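Peer 1: Structure file upload_19.txt (compact mmCIF, C-alpha atoms) right here:
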```txt
# COMPACT_ATOMS: atom_id res chain seq x y z
CA MET A 1 90.34 83.40 131.51
CA SER A 2 90.74 86.16 128.99
CA ILE A 3 92.60 86.87 125.80
CA ARG A 4 94.81 89.93 125.26
CA VAL A 5 94.95 91.30 121.72
CA PHE A 6 96.45 94.38 120.09
CA ASP A 7 95.27 97.32 118.00
CA PRO A 8 96.14 96.80 114.31
CA THR A 9 95.79 100.46 113.27
CA ALA A 10 98.47 103.14 112.96
CA GLU A 11 97.11 104.70 116.21
CA ASP A 12 99.09 107.88 116.79
CA ALA A 13 102.13 107.01 114.70
CA PRO A 14 103.53 110.42 113.84
CA ALA A 15 103.79 111.32 110.21
CA THR A 16 107.44 111.57 109.27
CA GLN A 17 106.75 115.16 108.16
CA PRO A 18 104.72 117.45 110.45
CA GLY A 19 101.74 119.33 109.01
CA ALA A 20 101.86 123.10 108.59
CA ALA A 21 100.47 125.35 111.32
CA ARG A 22 96.74 126.03 110.83
CA LEU A 23 95.49 129.55 110.07
CA THR A 24 92.97 131.09 112.45
CA SER A 25 91.54 133.42 109.77
CA LEU A 26 91.69 133.75 105.99
CA GLU A 27 91.42 137.56 106.14
CA GLY A 28 94.12 139.18 104.03
CA ARG A 29 95.80 135.85 103.26
CA THR A 30 97.12 134.37 100.03
CA ILE A 31 95.31 131.12 99.36
CA GLY A 32 96.31 128.53 96.75
CA LEU A 33 93.80 126.31 94.96
CA LEU A 34 95.22 123.04 93.61
CA ASP A 35 93.42 121.58 90.61
CA ASN A 36 94.00 117.81 90.29
CA SER A 37 93.25 117.92 86.53
CA LYS A 38 90.04 115.86 86.71
CA PHE A 39 87.11 116.77 84.48
CA ARG A 40 85.01 119.10 86.61
CA VAL A 41 87.53 120.51 89.01
CA ARG A 42 87.79 123.90 87.32
CA GLU A 43 84.11 124.66 87.91
CA LEU A 44 84.43 123.48 91.52
CA LEU A 45 87.44 125.67 92.21
CA ASP A 46 85.89 128.69 90.46
CA HIS A 47 83.06 128.39 92.93
CA VAL A 48 85.43 128.00 95.88
CA GLU A 49 87.41 131.05 94.73
CA ALA A 50 84.25 133.15 94.52
CA ILE A 51 83.27 132.15 98.07
CA LEU A 52 86.75 132.87 99.43
CA ARG A 53 86.74 136.35 97.86
CA ALA A 54 83.15 137.24 98.74
CA HIS A 55 82.92 135.91 102.29
CA PHE A 56 86.39 135.38 103.76
CA GLY A 57 88.30 138.50 102.69
CA VAL A 58 91.26 136.68 101.19
CA ALA A 59 93.85 139.02 99.68
CA GLN A 60 94.85 136.83 96.79
CA VAL A 61 93.92 133.49 95.25
CA LEU A 62 96.57 131.63 93.25
CA ARG A 63 95.62 128.70 91.04
CA PHE A 64 97.79 125.62 90.43
CA ARG A 65 97.18 122.55 88.33
CA LYS A 66 98.68 119.08 88.74
CA PRO A 67 99.39 117.45 85.35
CA ASP A 68 97.98 114.16 86.61
CA ALA A 69 95.29 113.26 89.15
CA SER A 70 96.87 110.02 90.32
CA ARG A 71 100.33 111.20 91.27
CA PRO A 72 101.65 113.96 93.54
CA ALA A 73 102.26 117.50 92.40
CA PRO A 74 105.70 117.80 90.78
CA PRO A 75 108.48 119.70 92.61
CA LYS A 76 108.07 122.89 90.54
CA ILE A 77 104.41 123.21 91.53
CA LEU A 78 105.23 122.44 95.16
CA ALA A 79 107.89 125.17 95.07
CA ASP A 80 105.47 127.68 93.48
CA MET A 81 102.88 126.92 96.16
CA GLN A 82 105.30 128.18 98.83
CA ARG A 83 103.97 131.66 97.99
CA CYS A 84 100.65 130.70 99.60
CA GLU A 85 99.74 130.69 103.27
CA ALA A 86 97.24 127.88 102.83
CA ILE A 87 96.32 125.45 100.04
CA ILE A 88 92.96 123.94 99.20
CA ALA A 89 93.28 120.74 97.18
CA ALA A 90 90.20 119.65 95.28
CA VAL A 91 89.03 116.56 93.42
CA GLY A 92 86.50 117.29 90.69
CA ASP A 93 85.50 113.84 89.50
CA MET B 1 111.87 78.68 120.15
CA ILE B 2 113.37 81.30 122.45
CA LEU B 3 111.66 84.61 121.83
CA PRO B 4 113.61 87.81 122.31
CA ARG B 5 112.23 90.20 124.88
CA GLN B 6 110.17 92.53 122.74
CA THR B 7 107.85 95.17 124.02
CA LEU B 8 104.75 95.82 121.97
CA HIS B 9 103.61 99.43 121.66
CA SER B 10 100.05 98.97 120.43
CA THR B 11 97.04 99.43 122.65
CA ALA B 12 96.03 96.14 124.29
CA TYR B 13 92.46 94.88 124.77
CA ASP B 14 91.51 92.15 127.26
CA LEU B 15 88.49 90.17 126.06
CA ALA B 16 86.72 87.01 127.11
CA ASP B 17 87.49 84.87 124.07
CA ALA B 18 88.23 84.77 120.35
CA LEU B 19 84.57 85.33 119.45
CA ASP B 20 84.51 88.54 121.44
CA VAL B 21 87.74 89.59 119.74
CA ASN B 22 86.11 89.10 116.36
CA GLU B 23 83.08 91.13 117.31
CA LEU B 24 85.22 94.01 118.60
CA TYR B 25 87.42 94.05 115.49
CA GLN B 26 84.37 93.94 113.22
CA GLN B 27 82.72 96.80 115.12
CA LYS B 28 85.86 98.90 114.86
CA GLY B 29 86.19 98.26 111.12
CA TRP B 30 89.54 96.52 111.55
CA THR B 31 88.87 93.69 109.10
CA ASP B 32 88.07 93.15 105.44
CA GLY B 33 84.70 91.81 106.57
CA LEU B 34 85.87 88.26 107.23
CA PRO B 35 86.68 86.91 110.70
CA ILE B 36 90.24 87.34 111.95
CA VAL B 37 92.69 85.35 114.03
CA PRO B 38 93.15 87.12 117.41
CA PRO B 39 96.52 88.91 117.39
CA THR B 40 97.99 87.77 120.69
CA GLU B 41 101.38 88.85 121.98
CA GLU B 42 102.88 85.41 121.47
CA ARG B 43 101.83 85.19 117.81
CA ILE B 44 102.87 88.77 117.07
CA ILE B 45 106.33 88.21 118.53
CA GLU B 46 106.71 84.92 116.65
CA CYS B 47 106.00 86.82 113.45
CA LEU B 48 108.58 89.49 114.27
CA GLN B 49 111.09 86.81 115.14
CA ALA B 50 110.47 84.98 111.87
CA VAL B 51 111.55 88.02 109.88
CA GLY B 52 114.24 89.21 112.28
CA LEU B 53 112.68 92.61 112.95
CA ALA B 54 112.13 94.59 116.12
CA ALA B 55 108.64 95.89 116.83
CA THR B 56 109.70 99.49 116.16
CA ASP B 57 111.55 98.77 112.90
CA ILE B 58 110.07 100.59 109.92
CA VAL B 59 109.20 98.25 107.06
CA GLY B 60 108.48 101.16 104.74
CA VAL B 61 107.00 104.63 104.49
CA GLU B 62 104.01 105.41 102.26
CA HIS B 63 105.64 108.40 100.68
CA ILE B 64 102.70 110.61 99.67
CA ARG B 65 101.18 110.87 103.13
CA GLN B 66 104.51 110.03 104.82
CA ARG B 67 102.95 107.21 106.84
CA PRO B 68 105.46 104.80 108.40
CA ILE B 69 104.57 101.11 108.53
CA THR B 70 106.15 99.52 111.61
CA ALA B 71 107.04 95.85 111.87
CA GLU B 72 104.77 95.53 114.90
CA LYS B 73 101.72 96.65 112.92
CA VAL B 74 102.63 94.39 110.01
CA ALA B 75 102.92 91.44 112.39
CA ILE B 76 99.57 92.22 114.05
CA ASN B 77 97.80 92.39 110.69
CA ALA B 78 99.56 89.28 109.41
CA VAL B 79 98.40 87.29 112.45
CA MET B 80 94.86 88.61 111.95
CA ALA B 81 94.96 87.55 108.28
CA GLY B 82 95.80 84.00 109.33
CA CYS B 83 99.46 84.02 108.31
CA LEU B 84 101.94 81.60 109.83
CA PRO B 85 105.13 83.27 111.08
CA VAL B 86 107.12 81.71 108.20
CA TYR B 87 105.08 83.83 105.75
CA MET B 88 106.39 87.06 107.26
CA PRO B 89 109.48 87.53 105.06
CA VAL B 90 107.15 87.41 102.04
CA VAL B 91 104.69 89.88 103.55
CA VAL B 92 107.51 92.28 104.45
CA ALA B 93 109.09 92.04 100.99
CA ILE B 94 105.76 92.87 99.35
CA LEU B 95 105.24 95.93 101.54
CA ARG B 96 108.79 97.11 100.91
CA ALA B 97 108.16 96.84 97.18
CA MET B 98 104.86 98.71 97.46
CA CYS B 99 106.55 101.55 99.37
CA GLN B 100 108.90 102.20 96.44
CA GLU B 101 107.92 105.51 94.88
CA PRO B 102 107.25 104.22 91.33
CA PHE B 103 104.59 101.84 92.68
CA ASN B 104 102.54 104.89 93.71
CA MET B 105 100.80 102.99 96.49
CA HIS B 106 98.64 105.90 97.56
CA GLY B 107 97.30 106.44 94.04
CA THR B 108 96.64 102.75 93.49
CA ALA B 109 94.82 102.42 96.82
CA ALA B 110 92.77 105.62 96.68
CA SER B 111 91.74 105.66 93.00
CA THR B 112 88.20 105.22 91.76
CA GLY B 113 89.79 102.67 89.40
CA GLY B 114 89.74 100.09 92.19
CA SER B 115 92.89 98.02 91.68
CA ALA B 116 94.44 95.42 93.97
CA PRO B 117 98.09 94.48 94.47
CA PHE B 118 98.67 91.41 92.28
CA ILE B 119 101.54 89.44 93.81
CA VAL B 120 103.71 86.73 92.23
CA VAL B 121 106.09 84.77 94.48
CA ASN B 122 109.19 83.06 93.08
CA GLY B 123 112.00 80.92 94.43
CA PRO B 124 112.53 78.38 97.21
CA VAL B 125 110.19 80.14 99.63
CA ARG B 126 107.18 78.95 97.59
CA ALA B 127 107.80 75.30 98.48
CA ALA B 128 108.97 76.11 102.00
CA ILE B 129 105.63 77.70 102.85
CA GLY B 130 103.49 75.45 100.65
CA MET B 131 102.17 77.97 98.13
CA ASN B 132 99.88 76.96 95.29
CA ALA B 133 100.96 77.51 91.68
CA THR B 134 98.63 75.05 89.95
CA HIS B 135 94.92 74.14 90.23
CA ASN B 136 92.64 77.10 91.01
CA VAL B 137 95.72 79.28 91.36
CA LEU B 138 93.77 82.54 91.45
CA GLY B 139 91.04 81.03 93.57
CA SER B 140 90.60 79.78 97.09
CA GLY B 141 92.09 76.82 98.94
CA ASN B 142 95.69 77.56 99.92
CA ARG B 143 96.57 79.15 103.24
CA ALA B 144 99.70 81.00 102.11
CA ASN B 145 98.17 82.38 98.90
CA ALA B 146 95.06 83.42 100.79
CA THR B 147 96.58 84.95 103.88
CA ILE B 148 99.66 86.69 102.45
CA GLY B 149 97.48 88.72 100.10
CA ARG B 150 94.98 89.27 102.88
CA ALA B 151 97.72 90.53 105.22
CA ILE B 152 98.62 93.19 102.64
CA ARG B 153 94.95 94.24 102.42
CA LEU B 154 94.64 94.47 106.22
CA VAL B 155 97.79 96.63 106.41
CA LEU B 156 96.29 98.91 103.75
CA ILE B 157 93.03 99.13 105.70
CA ASN B 158 94.36 99.41 109.23
CA VAL B 159 97.76 101.08 108.94
CA LEU B 160 97.20 103.30 105.91
CA GLY B 161 93.48 103.99 106.29
CA CYS B 162 92.45 102.57 102.90
CA ILE B 163 88.87 102.19 104.05
CA PRO B 164 86.14 102.06 101.39
CA GLY B 165 84.43 105.43 101.14
CA GLN B 166 87.23 107.11 103.05
CA LEU B 167 90.70 106.90 101.51
CA ASP B 168 89.71 104.00 99.24
CA ARG B 169 87.43 105.67 96.69
CA SER B 170 87.06 102.60 94.41
CA THR B 171 83.87 102.71 92.40
CA LEU B 172 83.71 98.91 92.12
CA GLY B 173 86.85 97.30 93.46
CA HIS B 174 87.30 93.63 92.59
CA PRO B 175 87.58 90.28 94.38
CA GLY B 176 91.39 90.47 94.34
CA LYS B 177 91.08 93.01 97.13
CA TYR B 178 90.62 90.05 99.51
CA THR B 179 93.78 88.39 98.22
CA PHE B 180 95.52 88.36 94.83
CA CYS B 181 98.67 86.34 95.48
CA ILE B 182 100.05 83.38 93.52
CA ALA B 183 103.25 81.40 93.15
CA GLU B 184 104.83 80.72 89.77
CA ASP B 185 104.96 77.07 88.71
CA GLU B 186 108.74 76.94 88.32
CA GLU B 187 108.97 73.15 88.69
CA ASP B 188 106.79 72.49 85.65
CA SER B 189 108.09 75.24 83.39
CA PRO B 190 111.39 75.59 81.53
CA TRP B 191 110.96 79.37 81.43
CA THR B 192 113.00 81.78 83.54
CA PRO B 193 111.04 82.65 86.68
CA LEU B 194 109.59 86.17 86.78
CA ALA B 195 111.71 87.42 89.69
CA GLN B 196 114.91 86.24 87.99
CA GLU B 197 113.94 88.01 84.77
CA ARG B 198 113.57 91.14 86.83
CA GLY B 199 116.93 91.02 88.61
CA VAL B 200 116.64 88.69 91.60
CA PRO B 201 119.62 86.25 91.53
CA ALA B 202 118.85 82.64 90.58
CA GLY B 203 118.15 80.48 93.61
CA MET B 204 116.96 83.44 95.67
CA SER B 205 113.31 84.04 96.45
CA GLY B 206 111.56 87.20 95.34
CA ILE B 207 108.18 88.81 94.88
CA THR B 208 106.75 90.95 92.12
CA VAL B 209 103.79 93.20 92.78
CA MET B 210 101.71 95.22 90.32
CA ALA B 211 98.55 97.26 90.75
CA GLY B 212 96.16 94.98 88.90
CA ALA B 213 92.66 95.47 87.61
CA ALA B 214 90.31 92.46 87.65
CA PRO B 215 91.63 89.43 85.74
CA ARG B 216 90.16 88.62 82.31
CA GLN B 217 89.95 84.92 81.41
CA LEU B 218 90.40 83.61 77.86
CA LEU B 219 90.26 80.24 76.10
CA ASN B 220 91.87 78.90 72.95
CA GLU B 221 91.93 75.09 72.51
CA TRP B 222 91.73 75.12 68.75
CA THR B 223 95.32 75.60 67.63
CA HIS B 224 98.90 74.48 68.28
CA ASP B 225 100.32 77.54 66.58
CA PRO B 226 102.21 79.72 69.08
CA GLU B 227 101.31 82.96 67.30
CA GLU B 228 97.60 82.06 67.35
CA ILE B 229 97.78 81.18 71.04
CA VAL B 230 99.50 84.41 72.00
CA GLU B 231 97.21 86.37 69.67
CA THR B 232 94.26 85.40 71.89
CA PHE B 233 96.04 87.05 74.82
CA ALA B 234 96.78 90.11 72.67
CA ALA B 235 93.10 90.31 71.66
CA GLU B 236 92.02 90.29 75.29
CA MET B 237 94.46 93.12 75.96
CA ARG B 238 93.09 95.10 73.00
CA HIS B 239 89.60 94.69 74.40
CA ASN B 240 90.80 95.99 77.73
CA MET B 241 92.39 98.96 75.99
CA LEU B 242 89.12 99.78 74.28
CA THR B 243 86.56 99.00 76.96
CA TYR B 244 88.58 100.00 80.04
CA SER B 245 91.83 101.94 79.74
CA VAL B 246 94.05 102.51 76.74
CA TRP B 247 97.11 103.63 78.67
CA SER B 248 100.23 101.53 78.33
CA GLY B 249 102.00 99.94 81.26
CA ASN B 250 102.53 96.60 82.97
CA TYR B 251 100.18 93.78 82.02
CA ALA B 252 100.49 90.29 83.51
CA LEU B 253 99.72 87.11 81.54
CA ILE B 254 99.13 83.87 83.42
CA ILE B 255 99.75 80.91 81.15
CA PRO B 256 98.72 77.47 82.46
CA LYS B 257 100.32 74.20 81.46
CA GLN B 258 98.22 73.24 78.42
CA LEU B 259 98.95 76.37 76.43
CA ARG B 260 102.41 76.67 77.96
CA GLU B 261 103.47 73.25 76.68
CA LEU B 262 102.38 74.14 73.15
CA LEU B 263 104.43 77.33 73.32
CA VAL B 264 107.43 75.48 74.76
CA ALA B 265 107.16 72.79 72.07
CA ALA B 266 107.28 75.53 69.46
CA GLY B 267 110.47 76.87 71.03
CA TRP B 268 108.88 79.98 72.50
CA HIS B 269 110.26 81.58 75.63
CA LYS B 270 108.81 84.44 77.66
CA HIS B 271 110.90 86.81 75.57
CA ASP B 272 109.14 85.68 72.36
CA ILE B 273 105.73 86.18 73.97
CA ARG B 274 106.65 89.70 75.07
CA GLU B 275 107.91 90.62 71.60
CA TYR B 276 104.77 89.27 69.92
CA ILE B 277 102.43 91.00 72.35
CA TYR B 278 104.28 94.28 72.00
CA ARG B 279 103.72 94.20 68.24
CA SER B 280 100.16 92.92 68.33
CA ALA B 281 98.44 94.50 71.34
CA ARG B 282 97.74 97.83 69.67
CA VAL B 283 94.60 99.73 68.86
CA LEU B 284 93.71 102.76 66.80
CA ARG B 285 91.62 105.59 68.13
CA ARG B 286 88.98 104.77 65.49
CA ASP B 287 88.45 101.35 67.14
CA TRP B 288 86.66 103.06 70.00
CA ALA B 289 83.69 103.51 67.69
CA THR B 290 83.14 99.73 67.88
CA VAL B 291 82.68 99.75 71.66
CA GLY B 292 80.32 102.66 72.16
CA LYS B 293 82.99 105.34 72.49
CA ALA B 294 82.63 107.07 69.10
CA ASN B 295 82.63 110.43 70.87
CA ILE B 296 86.39 110.27 71.43
CA VAL B 297 87.45 109.05 67.97
CA HIS B 298 88.16 112.55 66.68
CA ARG B 299 90.01 113.90 69.68
CA ARG B 300 93.74 114.58 69.95
CA GLY B 301 95.61 112.44 67.41
CA GLY B 302 92.51 111.65 65.35
CA PRO B 303 91.12 108.30 64.15
CA ASP B 304 94.49 106.88 63.05
CA GLN B 305 96.29 107.56 66.32
CA GLU B 306 97.88 104.31 67.50
CA PHE B 307 98.16 103.13 71.10
CA THR B 308 100.29 100.26 72.35
CA ALA B 309 99.39 98.18 75.41
CA LEU B 310 103.05 98.04 76.39
CA ARG B 311 105.54 100.90 76.39
CA ALA B 312 108.18 98.27 75.58
CA PRO B 313 108.18 94.44 75.55
CA ASP B 314 109.59 94.32 79.09
CA ASP B 315 106.38 95.85 80.44
CA LEU B 316 104.79 92.40 80.10
CA LEU B 317 104.97 90.06 83.12
CA VAL B 318 104.63 86.47 81.90
CA VAL B 319 103.83 83.96 84.64
CA ALA B 320 103.66 80.17 84.38
CA ALA B 321 100.84 79.08 86.68
CA GLY B 322 97.52 77.26 86.74
CA GLY B 323 96.19 73.72 86.64
CA PRO B 324 97.24 71.20 83.98
CA ALA B 325 94.04 70.89 81.96
CA GLY B 326 92.33 73.41 79.73
CA GLY B 327 93.45 75.91 77.15
CA PHE B 328 92.78 78.84 79.43
CA GLY B 329 94.79 81.92 80.16
CA MET B 330 94.43 85.08 82.15
CA VAL B 331 95.23 88.69 81.42
CA ILE B 332 95.67 91.05 84.36
CA PRO B 333 95.55 94.63 83.12
CA PRO B 334 97.18 97.56 84.85
CA TRP B 335 95.25 99.86 87.17
CA PHE B 336 95.98 102.94 85.08
CA GLY B 337 98.79 102.50 82.54
CA ALA B 338 102.22 103.31 83.86
CA LYS B 339 101.04 105.46 86.75
CA SER B 340 102.03 102.51 88.90
CA GLU B 341 105.11 100.48 87.98
CA ALA B 342 105.40 96.78 88.85
CA MET B 343 108.09 96.28 91.47
CA THR B 344 110.25 93.22 92.17
CA GLN B 345 111.92 92.69 95.52
CA ALA B 346 114.25 89.94 96.77
CA ILE B 347 113.04 88.24 99.92
CA ASP B 348 115.37 88.62 102.87
CA VAL B 349 117.97 85.84 103.11
CA ARG B 350 116.66 84.90 106.56
CA THR B 351 113.76 83.35 104.68
CA PRO B 352 113.42 79.66 105.58
```
The structure in this file should be written as structure tokens.
Peer 2:
Amino acid sequence: MSIRVFDPTAEDAPATQPGAARLTSLEGRTIGLLDNSKFRVRELLDHVEAILRAHFGVAQVLRFRKPDASRPAPPKILADMQRCEAIIAAVGD
Amino acid sequence: MILPRQTLHSTAYDLADALDVNELYQQKGWTDGLPIVPPTEERIIECLQAVGLAATDIVGVEHIRQRPITAEKVAINAVMAGCLPVYMPVVVAILRAMCQEPFNMHGTAASTGGSAPFIVVNGPVRAAIGMNATHNVLGSGNRANATIGRAIRLVLINVLGCIPGQLDRSTLGHPGKYTFCIAEDEEDSPWTPLAQERGVPAGMSGITVMAGAAPRQLLNEWTHDPEEIVETFAAEMRHNMLTYSVWSGNYALIIPKQLRELLVAAGWHKHDIREYIYRSARVLRRDWATVGKANIVHRRGGPDQEFTALRAPDDLLVVAAGGPAGGFGMVIPPWFGAKSEAMTQAIDVRTP
């Protein structure tokens, strides 16, 4: 006797939107930093920007700021971020 | 009952017995910590049948991370929670409501603020599935109240990854994260049921869900004056605004029979309560000095800046529920102002 049961998790359900292709190097790239507007995120992203410039040879760092930590970035910011080849989103709580 | 031929797509596990199932599911982190009912094929398919969905049907999509929630996964989690198949139309309606963009499900589930979906069920389905609207309404003891809310939590954990310390970043959380689901006491109240006030046709069942912080209990047995009774609720809301979060949005008030009958006798309807609360549940920035927050009194609008608990009277959800004795009431504050909007959803007509 045995009992057959089923996995309750999403397993490999595909997201309805595919993720962007991953970069193999940051050298010469334009990288966006998304500030979620929490209290300490600016200091965190300043530090990340310094590391990206000093150690990874990024060509350009663009900064963006969500007006609100609890909701998604508005369409205008999403459109502006198209200029970047990769985005780093940060939570500075 | 003749079950349709349905193929399940989830990975199957063959185990010796229900105790082994529980141990596996605990080890994998697939529960809220409590034991589960083994999700067998027969029970899963009964649940799908009860709501008229195919396994691959999409109940909703969590729009921020674009995660689809399939009927099969909902059914599995509902069985695990202990739901009977007849609860499924309610579970599905709640998830559909939570997938509406203004509910902001991702934000409510991931936030340090630690809210839980507070669910109110209205209409004939309440009696059909034996929900509790009276004694201990927010507490334990009723299968439907307990397991419908639990099914939603298990979907959040298992399908959407709202695991504490991972996607769920709640600092504290609250006990409503096990279940936070009640029925309105429509039989013992002359007031318009919540779902009908919010657009569900009379005679049809519906659910309302809001991202609720922990409930705050109050007591006033020392007046028959409707304004004094409702003022106690307003005072509790003002405290919440000062000690927790000042931002305006949906609040829920649960008004049990003893206070409700005094309000009814005075000719007050839900509308009158909303209007009173809208006028009274306000604080000034200077009031923060009384609760240890003097450091923010002089920011932005200055000490005389006024905040309202509600953006408009209709932000207030008034619910008739609770046992018959005692001048108690409950205030359920919003997670974070209007960053999540309460949603109301009709329950599919196939409901029993």
Peer 1: Could you state the separation of atom CA of B:Ile129 and atom CA of B:Tyr251 in Å, given to one decimal place?
Peer 2: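 That distance, rounded to one decimal, is 26.9 Å.
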Peer 1: Taking only C-alpha atoms into account, report as a short mmCIF file (atom, residue, chain, number, x, y, z; two decimals) with C-alpha atoms, in the coordinates of the input which residues of chain B lie within 9 Å of chain A.
Peer 2:
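Resulting contents of selection-v4.cif:
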```cif
data_model
loop_
_atom_site.label_atom_id
_atom_site.label_comp_id
_atom_site.auth_asym_id
_atom_site.auth_seq_id
_atom_site.Cartn_x
_atom_site.Cartn_y
_atom_site.Cartn_z
CA LEU B 8 104.75 95.82 121.97
CA HIS B 9 103.61 99.43 121.66
CA SER B 10 100.05 98.97 120.43
CA THR B 11 97.04 99.43 122.65
CA ALA B 12 96.03 96.14 124.29
CA TYR B 13 92.46 94.88 124.77
CA ASP B 14 91.51 92.15 127.26
CA LEU B 15 88.49 90.17 126.06
CA ALA B 16 86.72 87.01 127.11
CA ASP B 17 87.49 84.87 124.07
CA ALA B 18 88.23 84.77 120.35
CA VAL B 21 87.74 89.59 119.74
CA TYR B 25 87.42 94.05 115.49
CA TRP B 30 89.54 96.52 111.55
CA PRO B 38 93.15 87.12 117.41
CA PRO B 39 96.52 88.91 117.39
CA THR B 40 97.99 87.77 120.69
CA GLU B 41 101.38 88.85 121.98
CA VAL B 61 107.00 104.63 104.49
CA ILE B 64 102.70 110.61 99.67
CA ARG B 65 101.18 110.87 103.13
CA GLN B 66 104.51 110.03 104.82
CA ARG B 67 102.95 107.21 106.84
CA PRO B 68 105.46 104.80 108.40
CA ILE B 69 104.57 101.11 108.53
CA THR B 70 106.15 99.52 111.61
CA GLU B 72 104.77 95.53 114.90
CA LYS B 73 101.72 96.65 112.92
CA VAL B 74 102.63 94.39 110.01
CA ALA B 75 102.92 91.44 112.39
CA ILE B 76 99.57 92.22 114.05
CA ASN B 77 97.80 92.39 110.69
CA MET B 80 94.86 88.61 111.95
CA ASN B 104 102.54 104.89 93.71
CA HIS B 106 98.64 105.90 97.56
CA GLY B 107 97.30 106.44 94.04
CA THR B 108 96.64 102.75 93.49
CA ALA B 110 92.77 105.62 96.68
CA SER B 111 91.74 105.66 93.00
CA LEU B 154 94.64 94.47 106.22
CA VAL B 155 97.79 96.63 106.41
CA ILE B 157 93.03 99.13 105.70
CA ASN B 158 94.36 99.41 109.23
CA VAL B 159 97.76 101.08 108.94
CA LEU B 160 97.20 103.30 105.91
CA GLY B 161 93.48 103.99 106.29
CA PHE B 336 95.98 102.94 85.08
CA LYS B 339 101.04 105.46 86.75
#
```
Peer 1: For a test of reading the model, state the distance in Å between atom CA of B:Arg300 and atom CA of B:Val246, rounded to one decimal.
Peer 2: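 Separation of atom CA of B:Arg300 and atom CA of B:Val246: 13.9 Å.
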Peer 1: Residues near stretch 163-176 of chain B, anyone? I mean within 8 Å using only C-alpha atoms, not counting same-chain ones fewer than 3 positions away, as JSON, numbers by chain.
Peer 2: {"B": [109, 110, 111, 112, 113, 114, 115, 116, 117, 118, 157, 179, 180, 213, 214]}
Peer 1: Env of A:Leu33: 7 Å cut, atoms = all atoms listed in the file, seq-sep filter 4 positions within chain, self excluded. Answer as a short mmCIF file (atom, residue, chain, number, x, y, z; two decimals) with C-alpha atoms, keeping the file's coordinate frame.
Peer 2:
```cif
data_model
loop_
_atom_site.label_atom_id
_atom_site.label_comp_id
_atom_site.auth_asym_id
_atom_site.auth_seq_id
_atom_site.Cartn_x
_atom_site.Cartn_y
_atom_site.Cartn_z
CA LEU A 45 87.44 125.67 92.21
CA LEU A 62 96.57 131.63 93.25
CA ARG A 63 95.62 128.70 91.04
CA PHE A 64 97.79 125.62 90.43
CA ILE A 87 96.32 125.45 100.04
CA ILE A 88 92.96 123.94 99.20
CA ALA A 89 93.28 120.74 97.18
#
```
Peer 1: Taking into account all atoms listed in the file, which residue in the set B:Pro256, B:Gly82, B:Pro190, B:Asp314 is nearest to B:Thr31?
Peer 2: B:Gly82
Peer 1: Taking 4 positions as the minimum chain separation for residues in the same chain, which residues sit within 10 Å of B:Val209 when counting all atoms listed in the file? Answer as a PDB file with C-alpha atoms, in the frame of the given file.
Peer 2:
```
ATOM      1  CA  ALA B  93     109.090  92.040 100.990  1.00  0.00           C
ATOM      2  CA  ILE B  94     105.760  92.870  99.350  1.00  0.00           C
ATOM      3  CA  LEU B  95     105.240  95.930 101.540  1.00  0.00           C
ATOM      4  CA  ALA B  97     108.160  96.840  97.180  1.00  0.00           C
ATOM      5  CA  MET B  98     104.860  98.710  97.460  1.00  0.00           C
ATOM      6  CA  PHE B 103     104.590 101.840  92.680  1.00  0.00           C
ATOM      7  CA  ALA B 116      94.440  95.420  93.970  1.00  0.00           C
ATOM      8  CA  PRO B 117      98.090  94.480  94.470  1.00  0.00           C
ATOM      9  CA  PHE B 118      98.670  91.410  92.280  1.00  0.00           C
ATOM     10  CA  ILE B 119     101.540  89.440  93.810  1.00  0.00           C
ATOM     11  CA  VAL B 120     103.710  86.730  92.230  1.00  0.00           C
ATOM     12  CA  VAL B 121     106.090  84.770  94.480  1.00  0.00           C
ATOM     13  CA  PHE B 180      95.520  88.360  94.830  1.00  0.00           C
ATOM     14  CA  CYS B 181      98.670  86.340  95.480  1.00  0.00           C
ATOM     15  CA  GLU B 341     105.110 100.480  87.980  1.00  0.00           C
ATOM     16  CA  ALA B 342     105.400  96.780  88.850  1.00  0.00           C
ATOM     17  CA  MET B 343     108.090  96.280  91.470  1.00  0.00           C
ATOM     18  CA  THR B 344     110.250  93.220  92.170  1.00  0.00           C
ATOM     19  CA  GLN B 345     111.920  92.690  95.520  1.00  0.00           C
TER      20      GLN B 345
END
```
Peer 1: Excluding B:Val318 and residues on its chain fewer than 2 positions from it, collect all residues at most 10 Å away from it, counting only C-alpha atoms, and give them as number ranges by chain.
Peer 2: B: 184, 191-194, 197, 251-255, 269-271, 273-274, 314-316, 320-321, 331
Peer 1: Please, what distance in Å, to one decimal, runs between atom CA of A:Ala59 and atom CA of A:Phe39?
Peer 2: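 A separation of 27.8 Å between them.
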Peer 1: Residues at most 12 Å from B:Thr290, counting only C-alpha atoms, excluding those fewer than 5 positions away in the same chain, as an MDAnalysis selection string?
Peer 2: chainID B and resid 239 242:243 283:285 295:297
Peer 1: Which one is closest to B:Gly326: B:Gln6, B:Asn132, B:Thr56, B:Gln258? Count all atoms listed in the file.
Peer 2: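 Distance minimum relative to B:Gly326 lands on B:Gln258.
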